[in-house]
4 protein chains.
Amino acid sequence: MKLKLSKVNGCSLMQYLKDDVKNSILQSALSEFMRHGYSNASMRQIAKSAGITTGNIYRYFKNKEDLFQELIQPVYEKFVQYLMEIKDDFDDSCSAIDTTNPLDYLRKVESTIVELFKESNVELRILLNLSSGSSYEPVKQELIQLAAHILKKVFIPGEDQQDQAMIEERNLAHMLAGTLIEGVCIILRDHEDGETVRQLVDELLRVYSAGIISRLNK
Amino acid sequence: MKLKLSKVNGCSLMQYLKDDVKNSILQSALSEFMRHGYSNASMRQIAKSAGITTGNIYRYFKNKEDLFQELIQPVYEKFVQYLMEIKDDFDDSCSAIDTTNPLDYLRKVESTIVELFKESNVELRILLNLSSGSSYEPVKQELIQLAAHILKKVFIPGEDQQDQAMIEERNLAHMLAGTLIEGVCIILRDHEDGETVRQLVDELLRVYSAGIISRLNK
Amino acid sequence: MKLKLSKVNGCSLMQYLKDDVKNSILQSALSEFMRHGYSNASMRQIAKSAGITTGNIYRYFKNKEDLFQELIQPVYEKFVQYLMEIKDDFDDSCSAIDTTNPLDYLRKVESTIVELFKESNVELRILLNLSSGSSYEPVKQELIQLAAHILKKVFIPGEDQQDQAMIEERNLAHMLAGTLIEGVCIILRDHEDGETVRQLVDELLRVYSAGIISRLNK
Amino acid sequence: MKLKLSKVNGCSLMQYLKDDVKNSILQSALSEFMRHGYSNASMRQIAKSAGITTGNIYRYFKNKEDLFQELIQPVYEKFVQYLMEIKDDFDDSCSAIDTTNPLDYLRKVESTIVELFKESNVELRILLNLSSGSSYEPVKQELIQLAAHILKKVFIPGEDQQDQAMIEERNLAHMLAGTLIEGVCIILRDHEDGETVRQLVDELLRVYSAGIISRLNK
DNA sequence: AATGAATGAGGTTTCATTCAT
DNA sequence: TATGAATGAAACCTCATTCAT
């Protein structure tokens with residue numbers, strides 16, 4: 001058997017080819033979902049871009065949703081996990097008699113976010129902005145809620161106040177959380193270079209931090 | 001119907017009826033595009049909501065794209081115009097020996113933007129977030145480019161420097177312009193009440209201004 | 001308005017044409033379902049036979065199942081209703097000190113069944129033998145259960161005996177019910193002439209009755 | 001594998017292996033056709049059940065129809081042959097001055113039928129009830145025709161009379177033949193146990209015989 | 001000016017069959 | 001001999017658009 005190297009190679013070559021096709025589909029799908037969003041993406045077009053026939057996609061993915069999920073799920077999970085860690089860290093640092101400057105805290109968050117975005121730029125943008133019609137549709141709101149939850153702690157150190165002022169603070173936190181996330185999306189969309197990305201996120205956080213601190217001192 | 005008015009004043013009455021139908025279509029289309037975006041909007045549903053038949057839409061609009069354009073184009077133009085005016089104002093105020101605080105300037109900009117959004121909230125949200133599949137798909141990027149162009153002036157008083165520092169400033173301006181516009185979009189998406197909208201935009205600009213000033217003083 | 005007869009006729013003509021198309025679809029569908037059964041019937045083929053395009057079917061029927069149901073449901077309901085009436089009649093005549101000959105009873109049933117089969121020959125055969133894959137798939141077994149329930153009363157006057165003999169009688173009743181129903185199906189499949197149908201069903205019942213009586217006297 | 005037997009006796013071993021695979025396919029196919037009928041049976045599923053790959057089926061069978069035929073044809077031929085033998089027997093017993101009771105004759109037929117069904121239960125049920133879409137689709141009707149031809153002899157001792165009465169007898173024979181065959185199908189469908197099957201077929205024939213005799217004595 | 005039935009191209013998905021390896 | 005990836009035609013269904021009335 002060991003001498004029949006041609007078969008061994010045949011096997012691995014075939015394996016390679018199969019992976020090749022699957023990756024080709026995934027890449028074409030990523031591009032198609034990016035261009036037209038989940039529901040307007042066309043399986044036919046994905047197949048054409050991948051250089052295969054439409055039916056052949058279904059050897060690799062059960063259906064459109066499955067193909068979408070295989071692209072997005074890992075990034076989604078990583079993103080949620082990172083956000084939870086950030087939230088837990090923050091909750092801990094709050095409960096401790098820790099007077100960490102929020103600005104310092106946000107800066108700590110920076111590298112985490114940037115790392116994730118640098119890995120999965122396109123997937124995150126699809127997840128957050130182009131998943132309408134898929135099972136991920138409500139994710140963006142959930143993520144913004146989560147980010148808002150963190151930001152609220154910055155603005156509202158004493159919890160559970162329910163008066164009018166607090167409602168305004170909540171709206172503000174929600175809005176700033178949304179714009180921060182969109183801001184990072186925009187940076188990643190427009191820049192490939194890692195150093196530029198890091199620098200811009202740094203600037204964005206600096207502006208937000210300074211603005212927020214100035215507001216808190218109001 | 002009385003006095004066969006329909007025949008005597010047939011022309012203007014017909015015109016009136018036509019406008020009536022056309023407005024009805026436009027209104028239904030606005031609602032449908034808002035709900036499902038351009039691609040997933042259904043001409044059948046628009047006709048049904050407007051109380052007419054499917055085929056009749058095509059006496060008033062050449063096709064789906066044409067209907068979309070008739071709704072969105074005016075708002076698009078107004079938006080561009082406002083941005084140009086802001087740009088011109090700023091250019092003037094710059095060329096004058098005018099040391100207007102950028103914060104004051106942005107605040108002046110505020111009412112313009114909020115006014116436009118309050119007038120054409122839905123159309124703008126469609127234009128910026130729900131035009132995928134239409135010819136307006138790339139507009140959002142163009143608008144951000146334009147806004148960035150303006151913001152650059154804030155950061156780079158002396159023009160046309162091409163060294164490395166300036167490139168960074170340009171990137172920063174572009175990024176902040178994008179996040180600002182997204183921020184306003186998010187506010188408009190999440191709040192209907194005019195006063196809340198004004199207040200949140202005010203806060204957003206305050207944070208940005210404070211952050212930017214702090215940065216300029218760096 | 002009354003003078004615009006052309007419009008009045010236009011309307012009714014259109015209505016007529018619409019009904020015409022719908023009936024044409026129903027007729028083609030009946031033929032296609034008869035030939036290939038529910039799941040192997042082709043909407044394309046139905047459209048082709050009806051002389052229209054595939055998509056146009058969906059103006060008249062929501063989907064394949066809906067088209068099938070519109071053909072089969074009325075017949076199904078009538079059939080169930082008839083069987084229930086027969087069952088109730090029989091239960092009544094049993095509880096009364098009524099020594100009606102089972103043969104006489106079956107003969108009373110005859111006209112009911114024949115009438116229904118003569119009206120809806122093809123639909124019943126589809127319902128009973130060609131509905132695999134549709135929501136009517138389990139109907140045949142249910143109907144045979146019902147018929148068996150009636151036949152059991154003939155064989156087992158005293159109820160509720162659970163010994164071995166009774167199990168055999170139940171199997172027998174079930175089997176004879178099935179064959180009777182199939183027998184009527186076959187007759188209707190092979191003969192169009194009403195008088196011949198009546199006569200053959202009469203003969204079938206006669207054979208069954210004589211056979212059953214002979215068996216009871218065993 | 002020992003002694004390179006595969007090369008020495010390559011031919012016969014290969015033949016043996018081939019038969020093994022072929023039988024495995026046939027067995028899986030039988031199960032799949034039984035479960036889903038000819039049209040809805042899946043070649044992929046057959047291959048999977050047989051433990052081979054999809055493409056390999058086509059080394060043993062030209063196509064789906066060919067595979068079906070190889071399963072069904074022998075049973076079909078045996079069935080036809082048995083019916084012909086029965087027919088011949090009957091012709092002989094008629095031409096002889098043999099006053100065999102038709103009841104006795106049918107009882108002789110019984111064991112033949114039951115034996116065949118017990119041997120090839122599944123194949124016959126596929127042939128008679130699940131061959132839609134295959135070339136065997138019309139077989140059931142043909143078999144009923146043949147059975148009817150035999151039964152006619154019971155009812156119409158003197159041949160070739162063409163008057164009205166004879167036409168009725170022919171119809172009757174045809175119908176009873178059909179119901180008899182369906183009856184046996186139903187019994188086989190609902191019962192696995194050999195003894196129960198024999199008993200129910202016996203009952204069915206008894207009912208038919210008694211009914212028919214009663215009719216002949218009319 | 002209006003109707004709404006009809007079209008035809010497109011959507012996702014399935015599957016018997018072929019073919020390079 | 002066997003593999004299993006790939007094909008291509010067909011399935012059901014949707015919908016913007018056209019057109020006879």
# chains A, B, ... in the order shown; residues from 1 in each chain; ligands from 1
call {"tool": "interface_residues", "arguments": {"of": "chain C", "to": "chain E", "cutoff": "9 Å", "atoms": "only C-alpha atoms (C1' of nucleotides)", "output": "list in words"}}
result
Lys18, Ile52, Thr53, Gly55, Asn56 and Arg59 of chain C
call {"tool": "write_last_selection", "arguments": {"atoms": "N, CA and C atoms", "output": "compact mmCIF listing (two decimals), in the first residue's frame"}}
result
# COMPACT_ATOMS: atom_id res chain seq x y z
N LYS C 18 -61.91 33.95 -16.47
CA LYS C 18 -61.16 33.59 -15.28
C LYS C 18 -61.61 32.21 -14.77
N ILE C 52 -51.52 27.24 -19.97
CA ILE C 52 -51.05 28.49 -19.38
C ILE C 52 -49.61 28.31 -18.91
N THR C 53 -49.04 29.41 -18.38
CA THR C 53 -47.68 29.32 -17.86
C THR C 53 -47.71 28.86 -16.41
N GLY C 55 -46.27 29.95 -13.69
CA GLY C 55 -46.50 30.97 -12.66
C GLY C 55 -47.96 31.33 -12.52
N ASN C 56 -48.70 31.26 -13.59
CA ASN C 56 -50.09 31.71 -13.57
C ASN C 56 -50.96 30.83 -12.69
N ARG C 59 -51.76 32.35 -9.38
CA ARG C 59 -52.79 33.37 -9.20
C ARG C 59 -54.08 32.72 -8.70
call {"tool": "interface_residues", "arguments": {"of": "chain B", "to": "chain A", "cutoff": "7 Å", "atoms": "only C-alpha atoms", "output": "PyMOL selection string"}}
result
chain B and resi 132-133+172+175+178-179+182-183+186-187+200+206-208+210-212+214
call {"tool": "write_last_selection", "arguments": {"atoms": "N, CA and C atoms", "output": "JSON list (two decimals), in the first residue's frame"}}
result
[["chain", "number", "residue", "atom", "x", "y", "z"],
["B", 132, "SER", "N", -30.20, 49.15, -0.85],
["B", 132, "SER", "CA", -29.44, 48.08, -1.49],
["B", 132, "SER", "C", -30.21, 47.49, -2.67],
["B", 133, "GLY", "N", -29.56, 47.39, -3.80],
["B", 133, "GLY", "CA", -30.20, 46.89, -5.01],
["B", 133, "GLY", "C", -30.64, 48.00, -5.95],
["B", 172, "LEU", "N", -8.55, 60.52, 9.81],
["B", 172, "LEU", "CA", -9.33, 60.82, 11.01],
["B", 172, "LEU", "C", -10.61, 61.57, 10.65],
["B", 175, "MET", "N", -13.10, 59.28, 9.05],
["B", 175, "MET", "CA", -13.69, 58.35, 10.01],
["B", 175, "MET", "C", -14.71, 59.07, 10.90],
["B", 178, "GLY", "N", -17.87, 59.81, 9.05],
["B", 178, "GLY", "CA", -18.70, 58.60, 8.93],
["B", 178, "GLY", "C", -19.44, 58.28, 10.21],
["B", 179, "THR", "N", -18.74, 58.30, 11.29],
["B", 179, "THR", "CA", -19.41, 57.95, 12.55],
["B", 179, "THR", "C", -20.46, 58.98, 12.92],
["B", 182, "GLU", "N", -23.50, 58.16, 10.78],
["B", 182, "GLU", "CA", -24.14, 56.95, 11.31],
["B", 182, "GLU", "C", -24.83, 57.25, 12.64],
["B", 183, "GLY", "N", -24.16, 58.09, 13.44],
["B", 183, "GLY", "CA", -24.77, 58.42, 14.73],
["B", 183, "GLY", "C", -26.12, 59.08, 14.56],
["B", 186, "ILE", "N", -28.63, 56.49, 13.51],
["B", 186, "ILE", "CA", -29.07, 55.63, 14.61],
["B", 186, "ILE", "C", -30.09, 56.36, 15.48],
["B", 187, "ILE", "N", -29.80, 57.61, 15.77],
["B", 187, "ILE", "CA", -30.74, 58.37, 16.59],
["B", 187, "ILE", "C", -32.10, 58.42, 15.92],
["B", 200, "LEU", "N", -30.53, 64.32, 21.57],
["B", 200, "LEU", "CA", -29.48, 63.32, 21.37],
["B", 200, "LEU", "C", -28.46, 63.79, 20.35],
["B", 206, "ARG", "N", -21.90, 67.38, 21.02],
["B", 206, "ARG", "CA", -21.15, 67.85, 22.17],
["B", 206, "ARG", "C", -19.95, 66.92, 22.44],
["B", 207, "VAL", "N", -20.25, 65.65, 22.46],
["B", 207, "VAL", "CA", -19.18, 64.70, 22.70],
["B", 207, "VAL", "C", -18.11, 64.81, 21.62],
["B", 208, "TYR", "N", -18.55, 64.83, 20.36],
["B", 208, "TYR", "CA", -17.58, 64.94, 19.28],
["B", 208, "TYR", "C", -16.78, 66.24, 19.39],
["B", 210, "ALA", "N", -16.22, 68.20, 22.01],
["B", 210, "ALA", "CA", -15.29, 68.19, 23.13],
["B", 210, "ALA", "C", -14.09, 67.31, 22.82],
["B", 211, "GLY", "N", -14.39, 66.18, 22.25],
["B", 211, "GLY", "CA", -13.30, 65.27, 21.93],
["B", 211, "GLY", "C", -12.36, 65.86, 20.90],
["B", 212, "ILE", "N", -12.93, 66.50, 19.91],
["B", 212, "ILE", "CA", -12.10, 67.06, 18.84],
["B", 212, "ILE", "C", -11.27, 68.23, 19.37],
["B", 214, "SER", "N", -10.38, 68.75, 22.41],
["B", 214, "SER", "CA", -9.34, 68.21, 23.27],
["B", 214, "SER", "C", -8.19, 67.69, 22.43]]
call {"tool": "interface_residues", "arguments": {"of": "chain B", "to": "chain F", "cutoff": "8 Å", "atoms": "only C-alpha atoms (C1' of nucleotides)", "output": "PyMOL selection string"}}
result
chain B and resi 42-43+64
call {"tool": "atom_distance", "arguments": {"atom1": "CA of Tyr38 in chain C", "atom2": "CA of Ile126 in chain C"}}
result
8.2 Å
call {"tool": "residues_around", "arguments": {"residues": "Asp91 in chain C", "least_positions_apart": "6", "cutoff": "10 Å", "atoms": "only C-alpha atoms (C1' of nucleotides)", "output": "ChimeraX atom specification"}}
result
/C:85,150,153
call {"tool": "write_last_selection", "arguments": {"atoms": "N, CA and C atoms", "output": "tab-separated table (two decimals), in the first residue's frame"}}
result
chain	number	residue	atom	x	y	z
C	85	GLU	N	-73.07	9.18	8.84
C	85	GLU	CA	-74.52	8.96	8.85
C	85	GLU	C	-74.85	7.47	8.82
C	150	ILE	N	-68.08	-0.38	11.28
C	150	ILE	CA	-69.46	-0.76	10.96
C	150	ILE	C	-69.56	-2.27	10.76
C	153	LYS	N	-69.77	-4.56	13.75
C	153	LYS	CA	-71.07	-4.72	14.39
C	153	LYS	C	-71.85	-5.88	13.78
